[in-house]
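Next comes entry_15.txt, with compact mmCIF, C-alpha atoms and all ligand atoms.
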# COMPACT_ATOMS: atom_id res chain seq x y z
CA LEU W 1 12.27 134.21 94.14
CA PHE W 2 14.30 136.93 92.41
CA VAL W 3 15.57 136.32 88.87
CA GLU W 4 17.48 138.57 86.49
CA HIS W 5 15.37 137.59 83.52
CA PRO W 6 12.40 139.29 81.84
CA LEU W 7 9.08 137.93 83.06
CA GLY W 8 5.98 137.88 80.88
CA GLU W 9 3.56 135.83 78.87
CA GLY W 10 5.38 132.97 77.11
CA GLN W 11 8.76 133.59 78.85
CA THR W 12 10.81 130.61 79.92
CA ILE W 13 13.30 131.21 82.69
CA PRO W 14 16.53 129.24 82.91
CA LEU W 15 17.61 128.84 86.53
CA GLU W 16 21.09 129.35 87.88
CA ARG W 17 22.79 126.55 89.76
CA ASP W 18 22.13 127.88 93.28
CA GLN W 19 18.50 128.67 92.43
CA ALA W 20 17.99 125.11 91.12
CA HIS W 21 19.61 123.76 94.27
CA TYR W 22 17.33 125.89 96.45
CA LEU W 23 14.08 125.03 94.63
CA PHE W 24 14.65 121.37 93.89
CA GLY W 25 17.15 120.35 96.58
CA VAL W 26 16.06 122.44 99.58
CA MET W 27 12.37 123.16 98.84
CA ARG W 28 11.87 119.76 97.18
CA LEU W 29 9.87 121.17 94.27
CA GLY W 30 9.62 119.28 90.98
CA VAL W 31 8.12 119.44 87.50
CA GLY W 32 4.53 120.71 87.59
CA ASP W 33 5.01 122.74 90.81
CA PHE W 34 4.59 126.53 90.84
CA VAL W 35 6.95 129.25 92.02
CA GLU W 36 6.41 133.02 92.31
CA LEU W 37 9.16 134.99 90.56
CA PHE W 38 9.96 138.71 90.39
CA ASN W 39 12.78 140.67 88.74
CA GLY W 40 12.23 144.19 90.06
CA HIS W 41 10.53 145.41 86.86
CA ASP W 42 7.71 143.14 85.72
CA GLY W 43 5.74 142.49 88.91
CA ALA W 44 5.40 138.98 90.34
CA TRP W 45 4.64 136.01 88.11
CA ARG W 46 3.37 132.54 88.84
CA CYS W 47 5.70 130.18 87.00
CA GLU W 48 5.57 126.45 86.46
CA VAL W 49 8.57 124.17 86.80
CA VAL W 50 9.04 122.50 83.41
CA GLN W 51 12.53 121.06 83.93
CA ALA W 52 14.15 120.24 87.26
CA GLY W 53 17.71 119.04 87.69
CA LYS W 54 20.32 119.15 90.44
CA ARG W 55 22.23 122.03 88.90
CA ALA W 56 19.77 123.52 86.42
CA GLY W 57 16.11 123.92 85.67
CA VAL W 58 13.57 125.82 83.61
CA LEU W 59 10.40 127.62 84.66
CA ALA W 60 7.61 128.83 82.38
CA CYS W 61 5.70 132.06 83.16
CA GLU W 62 2.01 131.41 83.55
CA ALA W 63 0.27 134.52 84.90
CA GLN W 64 1.10 137.78 86.61
CA VAL W 65 -0.01 137.64 90.23
CA LYS W 66 1.08 141.14 91.33
CA PRO W 67 1.85 144.29 89.35
CA LEU W 68 5.13 146.12 90.02
CA GLN W 69 4.74 147.95 93.32
CA MET W 70 7.13 150.87 93.46
CA PRO W 71 8.27 151.83 96.97
CA PRO W 72 7.90 155.40 98.19
CA ASP W 73 10.67 157.60 96.87
CA LEU W 74 12.88 157.47 99.97
CA TRP W 75 16.67 157.43 99.91
CA LEU W 76 18.71 156.23 102.87
CA LEU W 77 22.22 157.70 103.06
CA PHE W 78 24.42 156.12 105.70
CA ALA W 79 28.09 155.96 106.56
CA PRO W 80 29.16 152.31 106.41
CA ILE W 81 30.13 150.81 109.75
CA LYS W 82 31.24 147.29 110.66
CA LYS W 83 30.31 144.65 108.11
CA ALA W 84 27.50 142.94 110.00
CA ARG W 85 25.94 146.26 110.99
CA THR W 86 26.16 147.60 107.45
CA ASP W 87 24.45 144.40 106.24
CA PHE W 88 21.76 144.99 108.84
CA ILE W 89 21.16 148.58 107.68
CA VAL W 90 20.80 147.50 104.04
CA GLU W 91 18.47 144.64 104.93
CA LYS W 92 16.23 146.82 107.11
CA ALA W 93 16.17 149.67 104.60
CA ALA W 94 15.01 147.25 101.90
CA GLU W 95 12.36 145.83 104.24
CA MET W 96 11.12 149.30 105.15
CA GLY W 97 10.75 150.13 101.47
CA ALA W 98 13.61 152.55 100.75
CA ALA W 99 13.92 153.04 97.01
CA ARG W 100 17.65 153.75 97.07
CA ILE W 101 20.31 152.83 99.62
CA MET W 102 23.40 155.00 99.44
CA PRO W 103 26.58 154.31 101.42
CA VAL W 104 28.42 157.62 101.87
CA GLN W 105 31.90 158.40 103.09
CA THR W 106 31.96 161.06 105.79
CA VAL W 107 34.92 162.53 107.65
CA PHE W 108 34.74 159.92 110.44
CA THR W 109 33.73 156.96 108.26
CA ASN W 110 35.94 154.01 109.18
CA SER W 111 35.25 151.89 106.08
CA GLU W 112 36.97 153.01 102.92
CA ARG W 113 35.44 150.24 100.85
CA ILE W 114 32.21 148.33 100.67
CA ARG W 115 31.18 145.25 98.75
CA GLN W 116 28.40 146.74 96.67
CA ASP W 117 27.48 143.36 95.11
CA ARG W 118 27.17 141.77 98.53
CA LEU W 119 25.00 144.60 99.84
CA GLN W 120 22.85 144.45 96.70
CA ALA W 121 22.39 140.71 97.32
CA HIS W 122 21.17 141.52 100.87
CA ALA W 123 18.67 143.96 99.38
CA VAL W 124 17.42 141.22 97.02
CA GLU W 125 17.03 138.76 99.91
CA ALA W 126 15.14 141.33 101.94
CA ALA W 127 12.81 142.07 99.02
CA GLU W 128 12.22 138.33 98.60
CA GLN W 129 11.34 137.93 102.24
CA CYS W 130 8.91 140.89 102.10
CA GLY W 131 7.08 139.48 99.10
CA GLY W 132 8.02 142.69 97.30
CA THR W 133 8.17 143.14 93.55
CA TYR W 134 10.84 145.86 93.62
CA VAL W 135 14.49 145.73 94.70
CA PRO W 136 16.09 148.94 95.98
CA GLU W 137 19.30 149.99 94.31
CA VAL W 138 22.42 149.95 96.49
CA THR W 139 24.75 152.57 95.06
CA ALA W 140 28.56 152.57 95.15
CA LEU W 141 30.30 154.27 98.08
CA GLN W 142 30.46 158.00 97.36
CA LYS W 143 31.86 160.93 99.28
CA LEU W 144 29.10 162.72 101.19
CA ASP W 145 30.40 166.07 99.90
CA ARG W 146 29.98 164.89 96.30
CA VAL W 147 26.44 163.64 96.92
CA LEU W 148 25.46 166.93 98.54
CA ALA W 149 27.06 168.92 95.71
CA ASP W 150 24.90 167.02 93.17
CA TRP W 151 21.75 167.11 95.29
CA PRO W 152 18.58 166.89 93.18
CA GLU W 153 16.17 169.81 93.13
CA GLY W 154 13.20 169.38 95.48
CA ARG W 155 14.45 166.46 97.57
CA GLN W 156 14.49 167.10 101.33
CA LEU W 157 17.15 165.71 103.63
CA MET W 158 16.42 164.51 107.15
CA PHE W 159 19.82 164.94 108.77
CA CYS W 160 19.85 162.82 111.95
CA ASP W 161 22.19 164.19 114.56
CA GLU W 162 22.46 163.20 118.20
CA ALA W 163 23.98 166.60 118.98
CA GLU W 164 20.60 168.16 118.25
CA VAL W 165 18.77 168.65 121.50
CA GLY W 166 15.07 168.15 121.28
CA SER W 167 12.83 165.21 120.70
CA SER W 168 11.53 163.21 117.81
CA SER W 169 8.32 165.21 118.02
CA ALA W 170 10.34 167.92 116.23
CA LEU W 171 10.25 165.56 113.29
CA SER W 172 6.52 165.76 112.78
CA GLY W 173 6.97 169.52 112.71
CA VAL W 174 9.51 169.13 109.93
CA PHE W 175 7.22 166.95 107.88
CA ALA W 176 4.16 169.06 108.60
CA SER W 177 5.86 172.28 107.51
CA GLU W 178 7.13 170.67 104.32
CA ALA W 179 3.73 169.20 103.54
CA ALA W 180 2.07 172.55 104.08
CA ARG W 181 4.58 174.33 101.87
CA GLU W 182 4.27 171.80 99.09
CA GLY W 183 0.51 171.42 99.36
CA GLN W 184 0.82 167.66 99.26
CA GLY W 185 1.86 164.81 101.54
CA ALA W 186 5.55 164.91 100.87
CA GLY W 187 8.28 165.93 98.53
CA PRO W 188 10.76 163.12 98.05
CA TRP W 189 12.92 162.66 101.14
CA ALA W 190 16.30 161.29 102.06
CA ILE W 191 17.56 160.27 105.49
CA LEU W 192 21.20 160.73 106.52
CA ILE W 193 22.77 158.64 109.29
CA GLY W 194 26.36 159.22 110.39
CA PRO W 195 29.15 156.80 111.31
CA GLU W 196 30.17 155.47 114.74
CA GLY W 197 31.99 158.69 115.53
CA GLY W 198 29.15 160.92 114.35
CA PHE W 199 29.71 163.98 112.14
CA SER W 200 32.70 166.32 112.37
CA PRO W 201 31.99 169.91 113.54
CA GLU W 202 32.68 171.23 110.02
CA GLU W 203 30.41 168.65 108.42
CA ARG W 204 27.67 169.41 110.91
CA ALA W 205 27.94 173.14 110.20
CA ARG W 206 27.85 172.53 106.46
CA LEU W 207 24.85 170.23 106.71
CA LYS W 208 22.97 172.66 108.92
CA ALA W 209 23.45 175.43 106.39
CA LEU W 210 22.00 173.48 103.45
CA PRO W 211 18.58 174.83 102.46
CA PHE W 212 17.17 171.34 101.85
CA ALA W 213 18.45 169.79 105.11
CA HIS W 214 16.31 169.44 108.24
CA ILE W 215 18.21 168.55 111.37
CA VAL W 216 16.41 165.94 113.41
CA SER W 217 16.86 164.39 116.85
CA LEU W 218 15.86 160.78 117.42
CA GLY W 219 15.56 161.29 121.15
CA PRO W 220 17.89 162.04 124.05
CA ARG W 221 20.04 158.87 123.85
CA ILE W 222 22.89 158.24 121.41
CA LEU W 223 21.70 155.36 119.27
CA ARG W 224 23.95 153.05 117.37
CA ALA W 225 23.99 153.94 113.70
CA ASP W 226 22.04 150.82 112.71
CA THR W 227 19.38 151.51 115.36
CA ALA W 228 19.22 155.16 114.28
CA ALA W 229 18.63 154.12 110.65
CA VAL W 230 15.66 151.94 111.60
CA ALA W 231 14.27 154.57 114.00
CA ALA W 232 14.51 157.31 111.36
CA MET W 233 12.87 155.18 108.67
CA THR W 234 10.08 154.25 111.08
CA LEU W 235 9.40 157.90 111.90
CA TRP W 236 9.47 158.79 108.23
CA GLN W 237 7.09 155.96 107.44
CA GLN W 238 4.70 157.02 110.16
CA ALA W 239 4.65 160.60 108.91
CA LEU W 240 4.78 160.14 105.17
CA GLY W 241 5.40 156.64 104.00
CA ASP W 242 3.29 153.73 103.01
N1 LIG P 1 29.09 154.96 118.72
C1 LIG P 1 27.78 154.46 118.39
C2 LIG P 1 27.90 153.38 117.31
O1 LIG P 1 28.92 152.68 117.33
O2 LIG P 1 27.04 153.12 116.48
C3 LIG P 1 26.90 155.64 118.12
C4 LIG P 1 26.96 156.18 116.76
S1 LIG P 1 25.90 157.56 116.41
C5 LIG P 1 27.03 158.86 116.64
C6 LIG P 1 25.75 157.33 114.68
C7 LIG P 1 24.72 158.15 113.98
O3 LIG P 1 23.42 157.75 114.39
C8 LIG P 1 24.76 159.62 114.19
O4 LIG P 1 25.72 160.26 113.34
C9 LIG P 1 23.35 160.05 113.86
O5 LIG P 1 23.16 160.17 112.46
C10 LIG P 1 22.55 158.87 114.36
N2 LIG P 1 22.02 159.07 115.72
C11 LIG P 1 22.32 158.34 116.82
N3 LIG P 1 21.61 158.76 117.88
C12 LIG P 1 20.86 159.80 117.45
C13 LIG P 1 19.92 160.66 118.07
N4 LIG P 1 19.60 160.57 119.35
N5 LIG P 1 19.33 161.61 117.32
C14 LIG P 1 19.64 161.75 116.01
N6 LIG P 1 20.52 160.96 115.37
C15 LIG P 1 21.13 159.99 116.07
As C-alpha cells, please, write out the structure in this file.
Ligand code: SAM
Amino acid sequence: LFVEHPLGEGQTIPLERDQAHYLFGVMRLGVGDFVELFNGHDGAWRCEVVQAGKRAGVLACEAQVKPLQMPPDLWLLFAPIKKARTDFIVEKAAEMGAARIMPVQTVFTNSERIRQDRLQAHAVEAAEQCGGTYVPEVTALQKLDRVLADWPEGRQLMFCDEAEVGSSSALSGVFASEAAREGQGAGPWAILIGPEGGFSPEERARLKALPFAHIVSLGPRILRADTAAVAAMTLWQQALGD
C-alpha cells in the first residue's frame, strides 16, 4: 500500500479514511495484522496495525522488507488521447518501469488539458500492483517544442513514427550503435509516441533533424497510440531495460 508518510524504524503511520476503509473494511484486517507499505523513497516496510477504525487507523513500522528499487532511467513522452486510453498508457508505463511519464502537447494533440493528479494516482495504483517501491512521476502537460528545447544533455530519444518504413529490427540497430558509441549498455532514453492523428509534417521534419532523436518504426501497421506505447517500451526493455 502506498502512503505519503516517511517510513522507518519507530515511525507510526496515520491512515487516511479511504485507506482505513480498504484495509479494515474491504481486506478485513485488524489490530495485530501486518501490511506492507511503501512511499516511493524508503523502500517497502512491514508495518503492524496498532489501531483500526472505520474511518481511521494507525500502523507502526516494524522492519524494512525491500530497499528502494529505482527503475531504469526511461522517460515516456506521449500525446494525451481519450481519457481511458491515456489512463491505460500511464498505467502500463508505470508497470513497465518508466521513471518519468510526460504528457506532451503536439500539433495534432486533441486534449488541451489533463488531470495530472488523476494520472499520478493511476501510476501509484500500478506501482502498488507491481509490488514496486518506486512511483514514476507524471509531469504536467507541456508543449513538445518546449520539452525538446530544454532537452537534457546525453539523453537519447526514440521517436516512434508510423511513416518510417522499415521494421522494428531497425531498433536493435539504434540501440546497438548507441551502446557501442557510449561503451556501455545505454545512455538514458526517452520514447515519444504521437497522438491519434500522428505528427505534422513540420514536426516530423524537426524531430528527424534533432541530433539526439532516433526515428523508429514499430512495424508495418499503424498501431493505436496506446498499443504503440506498450510496444515501444517492450522493445526498449528487451534491448536495454531491466
Ligand atoms: N489513429 C490511431 C489511434 O487512434 O490511436 C493511430 C494513431 S498513431 C498515428 C499514434 C502514434 O503511435 C504515432 O504518432 C506513433 O508515435 C505511434 N505509432 C503507431 N504505429 C506505429 C508504427 N507502426 N511505427 C512507429 N510508431 C507508430
Subject >> Nearby polymer residues, ligand LIG 1 (chain P), at most 6 Å, only C-alpha atoms and all ligand atoms, as a VMD selection string >> reply: chain W and resid 160 to 162 193 to 199 216 to 225 228
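Interatomic distance, CA of Thr139 in chain W against CA of Met158 in chain W: 18.9 Å.
Compared by their closest atoms to Ala79 in chain W, and using all atoms listed in the file, the residues W:Leu144, W:Val65, W:Leu37, W:Val124 rank with W:Leu144 nearest.
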Original post:
For Thr12 in chain W, which of W:Ala190, W:Leu59, W:Gln51, W:Arg28 is the closest residue, counting all atoms listed in the file?
Top reply: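 Ranked by minimum distance to Thr12 in chain W, first place goes to W:Leu59.
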Original post:
Quick one: residues within 9 Å of Glu203 in chain W, all atoms listed in the file counted, chain neighbours fewer than 3 positions away excluded, as a count of residues only?
Top reply: 8
Subject >> Spatial neighbours of Glu128 in chain W, 10 Å, only C-alpha atoms, chain gap at least 2 places, as a ChimeraX atom specification >> reply: /W:1-2,37-38,94-95,122-126,130-135
**OP:** Find the spatial neighbours of Val230 in chain W, counting only C-alpha atoms, within a cut-off of 9 Å - ignore same-chain residues fewer than 2 positions away - and output them as a count of residues only.
**Re:** 12
Subject >> Proximity to Pro67 in chain W - best of W:Gln116, W:Asn39, W:Thr86, W:Gln237, only C-alpha atoms >> reply: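 Under the stated criterion, the closest residue is W:Asn39.
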**OP:** Tell me, in Å to one decimal, how far CA of Phe159 in chain W is from CA of Val104 in chain W.
**Re:**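 So the answer is 13.2 Å.
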Subject >> Contact residues around Val49 in chain W with all atoms listed in the file at 8 Å, ignoring same-chain residues under 5 positions, as a list of chain:residue names >> reply: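 Once the adjacent positions are removed, what remains is W:Gly30, W:Val31, W:Gly32, W:Asp33, W:Phe34, W:Val35, W:Gly57, W:Val58, W:Leu59, W:Ala60.
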**OP:** Could you please determine the separation between CA of Leu240 in chain W and CA of Ala99 in chain W in Å, to one decimal place?
**Re:**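 These atoms are spaced 14.2 Å apart.
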**OP:** Please write as an NGL selection string the list of polymer residues whose atoms come within 12 Å of (28.6, 164.6, 97.3), counting only C-alpha atoms and keeping to the coordinates of the file.
**Re:** :W and (77 or 102-106 or 141-152 or 203 or 207)
Original post:
Which residue, W:Ala56, W:Leu29, W:Cys47, W:Ile191, has the smallest gap to Asp73 in chain W when you use all atoms listed in the file?
Top reply: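 Among the listed residues, W:Ile191 lies closest to Asp73 in chain W.
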For Asp18 in chain W, list every protein, DNA or RNA residue within 10 Å, evaluated using only C-alpha atoms, and leave out those in the same chain fewer than 6 positions away; present the list as a CSV table (one decimal) with C-alpha atoms, in the coordinates of the input.
chain,number,residue,atom,x,y,z
W,24,PHE,CA,14.6,121.4,93.9
W,25,GLY,CA,17.2,120.4,96.6
W,54,LYS,CA,20.3,119.2,90.4
W,55,ARG,CA,22.2,122.0,88.9
W,56,ALA,CA,19.8,123.5,86.4
Original post:
Restricting the calculation to only C-alpha atoms, which member of W:Ala44, W:Ala213, W:Leu23, W:Ala229 is positioned closest to Gly154 in chain W?
Top reply: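 Under the stated criterion, the closest residue is W:Ala213.
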Could you work out an axis-aligned box for range 14-28 of chain W, taking every atom the file lists and adding 5 Å on each side, and report centre and edge lengths in Å to one decimal, as AutoDock Vina command-line options?
--center_x 17.3 --center_y 124.6 --center_z 91.2 --size_x 20.9 --size_y 19.6 --size_z 26.7
Original post:
Out of W:Glu36, W:Glu62, W:Glu48, W:Glu91, which residue has the shortest atom-to-atom distance to Ala127 in chain W when counting all atoms listed in the file?
Top reply: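 Comparing W:Glu36, W:Glu62, W:Glu48, W:Glu91 against Ala127 in chain W, the winner is W:Glu91.
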Would you mind putting N, CA and C atoms back on range 35-63 of chain W and writing the result as a short mmCIF file (atom, residue, chain, number, x, y, z; two decimals), in the frame of the given file?
data_model
loop_
_atom_site.label_atom_id
_atom_site.label_comp_id
_atom_site.auth_asym_id
_atom_site.auth_seq_id
_atom_site.Cartn_x
_atom_site.Cartn_y
_atom_site.Cartn_z
N VAL W 35 6.07 128.37 91.25
CA VAL W 35 6.95 129.25 92.02
C VAL W 35 6.61 130.69 91.63
N GLU W 36 6.66 131.61 92.63
CA GLU W 36 6.41 133.02 92.31
C GLU W 36 7.75 133.70 92.07
N LEU W 37 7.90 134.32 90.91
CA LEU W 37 9.16 134.99 90.56
C LEU W 37 8.94 136.49 90.41
N PHE W 38 9.98 137.27 90.71
CA PHE W 38 9.96 138.71 90.39
C PHE W 38 11.37 139.12 89.97
N ASN W 39 11.46 140.21 89.21
CA ASN W 39 12.78 140.67 88.74
C ASN W 39 13.00 142.16 89.01
N GLY W 40 12.08 142.77 89.74
CA GLY W 40 12.23 144.19 90.06
C GLY W 40 11.60 145.11 89.02
N HIS W 41 11.11 144.56 87.90
CA HIS W 41 10.53 145.41 86.86
C HIS W 41 9.14 144.97 86.43
N ASP W 42 8.90 143.67 86.39
CA ASP W 42 7.71 143.14 85.72
C ASP W 42 6.63 142.63 86.68
N GLY W 43 6.70 143.01 87.95
CA GLY W 43 5.74 142.49 88.91
C GLY W 43 6.09 141.06 89.30
N ALA W 44 5.14 140.37 89.92
CA ALA W 44 5.40 138.98 90.34
C ALA W 44 4.61 138.05 89.43
N TRP W 45 5.26 136.96 89.03
CA TRP W 45 4.64 136.01 88.11
C TRP W 45 4.62 134.62 88.70
N ARG W 46 3.49 133.94 88.47
CA ARG W 46 3.37 132.54 88.84
C ARG W 46 4.00 131.74 87.70
N CYS W 47 4.97 130.91 88.03
CA CYS W 47 5.70 130.18 87.00
C CYS W 47 5.70 128.70 87.31
N GLU W 48 5.62 127.90 86.27
CA GLU W 48 5.57 126.45 86.46
C GLU W 48 6.95 125.84 86.20
N VAL W 49 7.31 124.89 87.03
CA VAL W 49 8.57 124.17 86.80
C VAL W 49 8.36 123.22 85.62
N VAL W 50 9.18 123.41 84.56
CA VAL W 50 9.04 122.50 83.41
C VAL W 50 10.26 121.58 83.27
N GLN W 51 11.36 121.97 83.88
CA GLN W 51 12.53 121.06 83.93
C GLN W 51 13.17 121.24 85.30
N ALA W 52 13.53 120.14 85.93
CA ALA W 52 14.15 120.24 87.26
C ALA W 52 15.33 119.29 87.34
N GLY W 53 16.52 119.87 87.54
CA GLY W 53 17.71 119.04 87.69
C GLY W 53 18.46 119.49 88.93
N LYS W 54 19.57 118.80 89.23
CA LYS W 54 20.32 119.15 90.44
C LYS W 54 20.98 120.52 90.30
N ARG W 55 21.47 120.79 89.09
CA ARG W 55 22.23 122.03 88.90
C ARG W 55 21.56 123.01 87.95
N ALA W 56 20.43 122.64 87.40
CA ALA W 56 19.77 123.52 86.42
C ALA W 56 18.27 123.23 86.44
N GLY W 57 17.56 124.12 85.76
CA GLY W 57 16.11 123.92 85.67
C GLY W 57 15.51 125.00 84.81
N VAL W 58 14.26 124.82 84.43
CA VAL W 58 13.57 125.82 83.61
C VAL W 58 12.16 126.01 84.17
N LEU W 59 11.76 127.28 84.24
CA LEU W 59 10.40 127.62 84.66
C LEU W 59 9.69 128.30 83.49
N ALA W 60 8.39 128.16 83.43
CA ALA W 60 7.61 128.83 82.38
C ALA W 60 6.62 129.78 83.04
N CYS W 61 6.60 131.05 82.59
CA CYS W 61 5.70 132.06 83.16
C CYS W 61 4.26 131.71 82.81
N GLU W 62 3.39 131.76 83.82
CA GLU W 62 2.01 131.41 83.55
C GLU W 62 1.09 132.63 83.62
N ALA W 63 1.15 133.35 84.74
CA ALA W 63 0.27 134.52 84.90
C ALA W 63 0.90 135.49 85.88
#
